[in-house]
>>> print(open('my_file.txt').read())   # compact mmCIF, C-alpha atoms
# COMPACT_ATOMS: atom_id res chain seq x y z
CA MET Q 1 -13.46 -25.29 -16.15
CA THR Q 2 -16.71 -27.04 -16.79
CA GLY Q 3 -19.22 -26.21 -14.11
CA GLY Q 4 -17.85 -24.11 -11.27
CA THR Q 5 -19.30 -20.81 -10.19
CA ARG Q 6 -16.24 -18.59 -10.51
CA LEU Q 7 -16.99 -15.03 -11.45
CA SER Q 8 -14.65 -13.40 -14.02
CA GLY Q 9 -11.44 -15.13 -13.00
CA PRO Q 10 -9.95 -15.85 -9.63
CA ASN Q 11 -10.06 -13.31 -6.84
CA TRP Q 12 -7.39 -13.44 -4.16
CA ARG Q 13 -9.85 -12.48 -1.42
CA ARG Q 14 -12.09 -15.44 -2.24
CA VAL Q 15 -9.08 -17.77 -2.31
CA VAL Q 16 -7.79 -16.52 1.05
CA ALA Q 17 -11.28 -16.63 2.57
CA ALA Q 18 -11.72 -20.23 1.43
CA LEU Q 19 -8.32 -21.23 2.82
CA ALA Q 20 -9.04 -19.43 6.10
CA ASN Q 21 -12.02 -21.73 6.65
CA LYS Q 22 -10.84 -24.91 8.40
CA ASP Q 23 -13.45 -27.13 6.73
CA ALA Q 24 -12.65 -25.79 3.26
CA ARG Q 25 -8.91 -26.03 3.90
CA THR Q 26 -9.24 -29.66 4.97
CA ALA Q 27 -11.40 -30.48 1.96
CA TYR Q 28 -8.93 -28.70 -0.35
CA ALA Q 29 -6.01 -30.68 1.04
CA GLN Q 30 -7.89 -33.92 0.50
CA ILE Q 31 -8.83 -32.95 -3.07
CA VAL Q 32 -5.21 -32.00 -3.83
CA LEU Q 33 -4.19 -35.43 -2.58
CA GLY Q 34 -6.72 -37.09 -4.91
CA ALA Q 35 -9.70 -37.86 -2.68
CA ARG Q 36 -13.04 -38.45 -4.44
CA VAL Q 37 -16.20 -36.53 -3.44
CA PRO Q 38 -17.56 -39.13 -0.98
CA GLU Q 39 -14.18 -39.17 0.83
CA VAL Q 40 -13.75 -35.38 0.94
CA ALA Q 41 -14.29 -34.08 4.47
CA ALA Q 42 -15.98 -37.34 5.39
CA GLY Q 43 -15.83 -36.37 9.07
CA LEU Q 44 -18.15 -33.41 8.53
CA ASN Q 45 -21.91 -33.44 8.33
CA ALA Q 46 -23.30 -33.06 4.79
CA ARG Q 47 -24.18 -29.39 5.18
CA ARG Q 48 -20.69 -28.34 6.35
CA ARG Q 49 -19.07 -30.51 3.68
CA ASP Q 50 -21.23 -28.99 0.93
CA ARG Q 51 -20.48 -25.44 2.15
CA ALA Q 52 -16.74 -26.16 2.19
CA ILE Q 53 -16.86 -27.56 -1.34
CA ALA Q 54 -18.99 -24.63 -2.54
CA ALA Q 55 -16.43 -22.18 -1.12
CA LEU Q 56 -13.63 -24.03 -2.93
CA LEU Q 57 -15.55 -24.00 -6.21
CA GLU Q 58 -16.46 -20.33 -5.91
CA SER Q 59 -12.88 -19.34 -5.13
CA GLY Q 60 -11.54 -21.31 -8.08
CA LEU Q 61 -9.31 -23.49 -5.94
CA VAL Q 62 -11.12 -26.58 -7.24
CA GLU Q 63 -13.00 -27.30 -10.45
CA ARG Q 64 -15.33 -29.98 -11.68
CA ASN Q 65 -13.82 -32.02 -14.49
CA ALA Q 66 -15.69 -33.65 -17.39
CA ALA Q 67 -16.59 -36.62 -15.17
CA ASP Q 68 -18.10 -34.19 -12.60
CA GLU Q 69 -15.32 -34.98 -10.12
CA LEU Q 70 -13.53 -32.35 -8.08
CA GLU Q 71 -9.91 -31.58 -8.87
CA ALA Q 72 -7.53 -28.89 -7.73
CA SER Q 73 -7.10 -26.08 -10.22
CA GLU Q 74 -3.75 -26.24 -11.96
CA ALA Q 75 -3.65 -22.54 -12.78
CA ILE Q 76 -5.27 -20.72 -9.85
CA PHE Q 77 -2.10 -19.42 -8.22
CA SER Q 78 -0.39 -18.37 -11.45
CA ASP Q 79 -3.63 -16.68 -12.52
CA LEU Q 80 -3.74 -14.76 -9.24
CA LEU Q 81 -0.13 -13.67 -9.62
CA THR Q 82 -0.72 -12.33 -13.12
CA GLN Q 83 -3.51 -10.13 -11.76
CA GLN Q 84 -1.13 -8.27 -9.46
CA PRO Q 85 -0.24 -4.84 -10.76
CA ARG Q 86 3.30 -4.36 -11.89
CA ARG Q 87 5.42 -2.08 -9.75
CA GLN Q 88 5.05 1.40 -11.14
CA ALA Q 89 8.24 3.13 -12.22
CA GLN Q 90 9.17 5.78 -9.71
CA THR Q 91 9.93 9.31 -10.76
CA GLY Q 92 11.88 12.07 -9.09
CA VAL Q 93 13.73 11.34 -5.88
CA GLY Q 94 11.46 8.37 -5.22
CA ARG Q 95 13.56 6.33 -7.66
CA PHE Q 96 16.41 6.39 -5.18
CA MET Q 97 14.39 5.79 -2.02
CA ARG Q 98 12.81 2.75 -0.46
CA LEU Q 99 10.43 3.07 2.47
CA GLY Q 100 11.55 6.67 2.96
CA ARG Q 101 15.26 5.84 3.11
CA ILE Q 102 18.03 6.18 0.56
CA GLU Q 103 18.38 2.92 -1.32
CA ARG Q 104 21.15 4.19 -3.59
CA TYR Q 105 22.79 7.43 -4.56
CA PRO Q 106 22.37 8.44 -8.20
CA ALA Q 107 25.52 8.34 -10.32
CA ASN Q 108 24.29 11.37 -12.29
CA MET Q 109 25.41 14.45 -10.36
CA ALA Q 110 22.32 16.51 -11.22
CA GLU Q 111 20.08 13.72 -9.92
CA ARG Q 112 22.27 13.31 -6.84
CA ARG Q 113 21.98 17.03 -6.15
CA GLU Q 114 18.19 16.82 -6.56
CA LEU Q 115 18.02 13.97 -4.03
CA LEU Q 116 20.28 15.75 -1.56
CA ALA Q 117 18.40 19.06 -1.93
CA TRP Q 118 15.14 17.27 -1.19
CA ILE Q 119 16.61 15.61 1.91
CA VAL Q 120 18.03 18.84 3.32
CA SER Q 121 14.72 20.64 2.66
CA GLU Q 122 12.86 17.90 4.53
CA ALA Q 123 15.31 17.54 7.43
CA ILE Q 124 16.47 21.08 8.22
CA GLU Q 125 14.49 24.32 8.37
CA PRO Q 126 15.94 27.51 6.85
CA GLY Q 127 17.80 29.56 9.46
CA GLU Q 128 18.04 26.62 11.83
CA HIS Q 129 21.46 26.04 13.45
CA LEU Q 130 22.16 22.50 14.61
CA THR Q 131 24.96 20.63 16.31
CA GLU Q 132 26.56 17.70 14.51
CA LYS Q 133 24.67 15.35 16.81
CA GLN Q 134 21.34 16.98 15.90
CA VAL Q 135 22.15 16.83 12.18
CA ASN Q 136 23.09 13.15 12.53
CA GLU Q 137 19.83 12.36 14.33
CA ARG Q 138 17.80 13.93 11.54
CA LEU Q 139 19.80 12.32 8.74
CA LEU Q 140 19.46 8.91 10.40
CA SER Q 141 15.88 8.90 9.09
CA TYR Q 142 17.29 8.68 5.57
CA THR Q 143 20.36 6.45 5.92
CA ASP Q 144 22.50 4.54 8.39
CA ASP Q 145 25.66 6.17 6.96
CA VAL Q 146 24.97 9.70 8.20
CA ALA Q 147 28.62 10.75 7.90
CA MET Q 148 28.59 10.12 4.15
CA LEU Q 149 25.23 11.86 3.67
CA ARG Q 150 26.39 14.83 5.75
CA ARG Q 151 29.60 15.01 3.67
CA TYR Q 152 27.59 14.96 0.42
CA LEU Q 153 25.36 17.77 1.71
CA ILE Q 154 28.42 19.87 2.51
CA ASP Q 155 30.21 19.01 -0.76
CA PHE Q 156 27.12 20.02 -2.75
CA LYS Q 157 26.94 23.24 -0.69
CA LEU Q 158 23.48 22.38 0.59
CA LEU Q 159 24.64 22.33 4.19
CA GLU Q 160 27.15 24.74 5.73
CA ARG Q 161 29.43 23.95 8.63
CA THR Q 162 31.15 26.54 10.77
CA PRO Q 163 34.97 26.35 10.62
CA SER Q 164 35.02 24.95 14.16
CA GLY Q 165 32.51 22.25 13.14
CA SER Q 166 30.28 23.16 16.06
CA SER Q 167 27.25 24.24 14.03
CA TYR Q 168 25.49 23.30 10.80
CA SER Q 169 22.79 25.12 8.85
CA ARG Q 170 21.09 24.99 5.46
CA HIS Q 171 22.77 27.01 2.75
CA ASP Q 172 20.76 30.15 1.98
CA GLU Q 173 20.16 29.18 -1.66
CA THR Q 174 18.28 25.89 -0.90
>>> encode(input="my_file.txt", output="structure tokens")
Amino acid sequence: MTGGTRLSGPNWRRVVAALANKDARTAYAQIVLGARVPEVAAGLNARRRDRAIAALLESGLVERNAADELEASEAIFSDLLTQQPRRQAQTGVGRFMRLGRIERYPANMAERRELLAWIVSEAIEPGEHLTEKQVNERLLSYTDDVAMLRRYLIDFKLLERTPSGSSYSRHDET
């Protein structure tokens, strides 16, 4: 870039703010399509046109080339994308959840038990006795397949079911 006023690389807020402005958006479209400065936003008065162009220059959407003409930045969007932080690796049960719901069950049995123990500790209070319908309603927060989750909780002895199947409760050791 040879003459814009960008400060330390592109900023997504400046780019979005420039594109949110109708005058700047119109001018940007015309510049992308190859219009020269006198043709850019020709329907606007000089003050509005200059403000639109200034917003585009400040945001980094357009640059002045060696001939002092405006041209659309070739790299602005890729530069913005490289600024985005990488998704941080999750630890603990969060690795298996997405938006508070089970995304996948761990293959490792110790990790699966950890996930299931966390769910039962979140969903059911110690000493609480629930019907199957109540258990299903609570487990629905974590998965659509409540029968499978309920079965895992019983298999891992985290949830106890009466022999008649009429009542469920947390296992005392959880």
>>> residues_around(input="my_file.txt", residues="Leu158 of chain Q", least_positions_apart="6", cutoff="10 Å", atoms="only C-alpha atoms", output="list in words")
Arg113, Leu116, Ala117, Trp118, Ile119, Val120, Ser121, Arg150, Tyr152, Ser169, Arg170, His171, Asp172, Glu173 and Thr174 of chain Q
>>> closest_residue(input="my_file.txt", among="Q:Asn65, Q:Gln134, Q:Thr143, Q:Ser73", to="Val15 of chain Q", atoms="only C-alpha atoms")
Q:Ser73
>>> residues_around(input="my_file.txt", residues="segment 23-37 of chain Q", least_positions_apart="3", cutoff="9 Å", atoms="only C-alpha atoms", output="PDB file with C-alpha atoms, keeping the file's coordinate frame")
ATOM      1  CA  ALA Q  18     -11.720 -20.230   1.430  1.00  0.00           C
ATOM      2  CA  LEU Q  19      -8.320 -21.230   2.820  1.00  0.00           C
ATOM      3  CA  ALA Q  20      -9.040 -19.430   6.100  1.00  0.00           C
ATOM      4  CA  VAL Q  40     -13.750 -35.380   0.940  1.00  0.00           C
ATOM      5  CA  ALA Q  41     -14.290 -34.080   4.470  1.00  0.00           C
ATOM      6  CA  ALA Q  42     -15.980 -37.340   5.390  1.00  0.00           C
ATOM      7  CA  LEU Q  44     -18.150 -33.410   8.530  1.00  0.00           C
ATOM      8  CA  ARG Q  48     -20.690 -28.340   6.350  1.00  0.00           C
ATOM      9  CA  ARG Q  49     -19.070 -30.510   3.680  1.00  0.00           C
ATOM     10  CA  ARG Q  51     -20.480 -25.440   2.150  1.00  0.00           C
ATOM     11  CA  ALA Q  52     -16.740 -26.160   2.190  1.00  0.00           C
ATOM     12  CA  ILE Q  53     -16.860 -27.560  -1.340  1.00  0.00           C
ATOM     13  CA  ALA Q  54     -18.990 -24.630  -2.540  1.00  0.00           C
ATOM     14  CA  ALA Q  55     -16.430 -22.180  -1.120  1.00  0.00           C
ATOM     15  CA  LEU Q  56     -13.630 -24.030  -2.930  1.00  0.00           C
ATOM     16  CA  LEU Q  61      -9.310 -23.490  -5.940  1.00  0.00           C
ATOM     17  CA  VAL Q  62     -11.120 -26.580  -7.240  1.00  0.00           C
ATOM     18  CA  GLU Q  69     -15.320 -34.980 -10.120  1.00  0.00           C
ATOM     19  CA  LEU Q  70     -13.530 -32.350  -8.080  1.00  0.00           C
ATOM     20  CA  GLU Q  71      -9.910 -31.580  -8.870  1.00  0.00           C
ATOM     21  CA  ALA Q  72      -7.530 -28.890  -7.730  1.00  0.00           C
ATOM     22  CA  SER Q  73      -7.100 -26.080 -10.220  1.00  0.00           C
TER      23      SER Q  73
END
>>> residues_around(input="my_file.txt", residues="Asn11 of chain Q", least_positions_apart="5", cutoff="10 Å", atoms="all atoms listed in the file", output="ChimeraX atom specification")
/Q:6,16,58-60,76,79-80,83
>>> residues_near_point(input="my_file.txt", point="(14.1, 7.8, -2.1)", cutoff="9 Å", atoms="all atoms listed in the file", output="list in words")
Gly92, Val93, Gly94, Arg95, Phe96, Met97, Arg98, Leu99, Gly100, Arg101, Ile102, Glu103, Arg104, Leu115 and Tyr142 of chain Q
>>> closest_residue(input="my_file.txt", among="Q:Ser141, Q:Thr91, Q:Asn21, Q:Ser78", to="Glu111 of chain Q", atoms="only C-alpha atoms")
Q:Thr91
>>> atom_distance(input="my_file.txt", atom1="atom CA of Lys133 of chain Q", atom2="atom CA of Lys157 of chain Q")
19.3 Å
>>> closest_residue(input="my_file.txt", among="Q:Ile154, Q:Ala147, Q:Leu57, Q:Ala107", to="Arg14 of chain Q", atoms="only C-alpha atoms")
Q:Leu57
>>> closest_residue(input="my_file.txt", among="Q:Glu160, Q:Asp68, Q:Asp50, Q:Asp155", to="Thr131 of chain Q", atoms="only C-alpha atoms")
Q:Glu160
>>> closest_residue(input="my_file.txt", among="Q:Leu159, Q:Met109, Q:Met148, Q:Leu140", to="Gly127 of chain Q", atoms="all atoms listed in the file")
Q:Leu159
>>> atom_distance(input="my_file.txt", atom1="atom CA of Ile124 of chain Q", atom2="atom CA of Glu137 of chain Q")
11.2 Å
>>> atom_distance(input="my_file.txt", atom1="atom CA of Ala123 of chain Q", atom2="atom CA of Asp144 of chain Q")
14.9 Å
>>> closest_residue(input="my_file.txt", among="Q:Pro163, Q:Asn108, Q:Phe156, Q:Tyr168", to="Glu125 of chain Q", atoms="all atoms listed in the file")
Q:Tyr168
>>> decode(input="my_file.txt", residues="segment 3-44 of chain Q", atoms="N, CA and C atoms", output="short mmCIF file (atom, residue, chain, number, x, y, z; two decimals), in the first residue's frame")
data_model
loop_
_atom_site.label_atom_id
_atom_site.label_comp_id
_atom_site.auth_asym_id
_atom_site.auth_seq_id
_atom_site.Cartn_x
_atom_site.Cartn_y
_atom_site.Cartn_z
N GLY Q 3 -0.09 4.77 0.50
CA GLY Q 3 -0.63 6.09 0.80
C GLY Q 3 -1.94 6.06 1.54
N GLY Q 4 -2.43 4.91 1.95
CA GLY Q 4 -3.66 4.86 2.71
C GLY Q 4 -3.38 5.22 4.16
N THR Q 5 -4.43 5.19 4.96
CA THR Q 5 -4.28 5.56 6.35
C THR Q 5 -4.57 4.38 7.28
N ARG Q 6 -4.36 3.18 6.82
CA ARG Q 6 -4.64 2.01 7.66
C ARG Q 6 -3.72 1.99 8.86
N LEU Q 7 -4.25 1.61 9.98
CA LEU Q 7 -3.46 1.52 11.20
C LEU Q 7 -3.20 0.06 11.53
N SER Q 8 -1.95 -0.36 11.52
CA SER Q 8 -1.49 -1.69 11.92
C SER Q 8 -2.35 -2.84 11.40
N GLY Q 9 -2.55 -2.88 10.12
CA GLY Q 9 -3.28 -3.99 9.51
C GLY Q 9 -4.77 -3.77 9.55
N PRO Q 10 -5.48 -4.59 8.82
CA PRO Q 10 -6.93 -4.43 8.73
C PRO Q 10 -7.62 -4.77 10.05
N ASN Q 11 -8.75 -4.16 10.27
CA ASN Q 11 -9.55 -4.41 11.45
C ASN Q 11 -10.96 -4.72 10.96
N TRP Q 12 -11.49 -5.85 11.38
CA TRP Q 12 -12.79 -6.27 10.86
C TRP Q 12 -13.90 -5.27 11.19
N ARG Q 13 -13.81 -4.60 12.32
CA ARG Q 13 -14.85 -3.62 12.67
C ARG Q 13 -14.85 -2.44 11.69
N ARG Q 14 -13.66 -2.00 11.31
CA ARG Q 14 -13.58 -0.90 10.33
C ARG Q 14 -14.12 -1.34 8.98
N VAL Q 15 -13.81 -2.56 8.59
CA VAL Q 15 -14.29 -3.08 7.31
C VAL Q 15 -15.82 -3.17 7.32
N VAL Q 16 -16.37 -3.75 8.38
CA VAL Q 16 -17.83 -3.88 8.46
C VAL Q 16 -18.49 -2.51 8.55
N ALA Q 17 -17.90 -1.61 9.31
CA ALA Q 17 -18.47 -0.26 9.41
C ALA Q 17 -18.49 0.43 8.05
N ALA Q 18 -17.41 0.28 7.30
CA ALA Q 18 -17.35 0.89 5.96
C ALA Q 18 -18.42 0.28 5.06
N LEU Q 19 -18.55 -1.04 5.09
CA LEU Q 19 -19.54 -1.70 4.23
C LEU Q 19 -20.97 -1.47 4.69
N ALA Q 20 -21.16 -1.10 5.95
CA ALA Q 20 -22.50 -0.79 6.45
C ALA Q 20 -22.98 0.57 5.96
N ASN Q 21 -22.05 1.42 5.55
CA ASN Q 21 -22.39 2.75 5.06
C ASN Q 21 -22.76 2.64 3.57
N LYS Q 22 -23.97 3.06 3.23
CA LYS Q 22 -24.45 2.91 1.85
C LYS Q 22 -23.55 3.62 0.84
N ASP Q 23 -23.12 4.84 1.17
CA ASP Q 23 -22.26 5.58 0.24
C ASP Q 23 -20.93 4.86 0.03
N ALA Q 24 -20.32 4.40 1.12
CA ALA Q 24 -19.04 3.69 1.02
C ALA Q 24 -19.21 2.37 0.28
N ARG Q 25 -20.31 1.68 0.54
CA ARG Q 25 -20.56 0.40 -0.13
C ARG Q 25 -20.72 0.60 -1.63
N THR Q 26 -21.44 1.65 -2.02
CA THR Q 26 -21.62 1.96 -3.44
C THR Q 26 -20.28 2.31 -4.08
N ALA Q 27 -19.51 3.14 -3.40
CA ALA Q 27 -18.20 3.53 -3.93
C ALA Q 27 -17.29 2.30 -4.04
N TYR Q 28 -17.33 1.42 -3.04
CA TYR Q 28 -16.50 0.22 -3.06
C TYR Q 28 -16.87 -0.66 -4.26
N ALA Q 29 -18.16 -0.84 -4.48
CA ALA Q 29 -18.60 -1.66 -5.61
C ALA Q 29 -18.09 -1.07 -6.93
N GLN Q 30 -18.16 0.22 -7.05
CA GLN Q 30 -17.70 0.86 -8.28
C GLN Q 30 -16.18 0.72 -8.44
N ILE Q 31 -15.44 0.84 -7.35
CA ILE Q 31 -13.99 0.69 -7.42
C ILE Q 31 -13.64 -0.75 -7.79
N VAL Q 32 -14.33 -1.72 -7.19
CA VAL Q 32 -14.09 -3.13 -7.52
C VAL Q 32 -14.31 -3.37 -9.01
N LEU Q 33 -15.30 -2.70 -9.55
CA LEU Q 33 -15.63 -2.86 -10.97
C LEU Q 33 -14.74 -2.02 -11.89
N GLY Q 34 -13.79 -1.27 -11.31
CA GLY Q 34 -12.80 -0.56 -12.12
C GLY Q 34 -13.06 0.90 -12.37
N ALA Q 35 -14.00 1.51 -11.66
CA ALA Q 35 -14.28 2.94 -11.87
C ALA Q 35 -13.09 3.78 -11.40
N ARG Q 36 -12.83 4.87 -12.09
CA ARG Q 36 -11.79 5.83 -11.72
C ARG Q 36 -12.38 6.84 -10.74
N VAL Q 37 -11.52 7.56 -10.03
CA VAL Q 37 -11.96 8.48 -8.97
C VAL Q 37 -13.07 9.43 -9.41
N PRO Q 38 -12.99 10.09 -10.54
CA PRO Q 38 -14.09 11.01 -10.89
C PRO Q 38 -15.44 10.30 -11.05
N GLU Q 39 -15.41 9.01 -11.43
CA GLU Q 39 -16.65 8.27 -11.65
C GLU Q 39 -17.20 7.66 -10.36
N VAL Q 40 -16.35 7.50 -9.36
CA VAL Q 40 -16.77 6.85 -8.11
C VAL Q 40 -17.79 7.71 -7.40
N ALA Q 41 -18.94 7.11 -7.13
CA ALA Q 41 -20.03 7.78 -6.41
C ALA Q 41 -20.33 9.14 -7.01
N ALA Q 42 -20.38 9.20 -8.31
CA ALA Q 42 -20.60 10.46 -9.02
C ALA Q 42 -21.93 11.11 -8.64
N GLY Q 43 -22.89 10.33 -8.18
CA GLY Q 43 -24.19 10.87 -7.80
C GLY Q 43 -24.20 11.57 -6.46
N LEU Q 44 -23.10 11.49 -5.73
CA LEU Q 44 -23.04 12.11 -4.40
C LEU Q 44 -22.37 13.47 -4.48
#
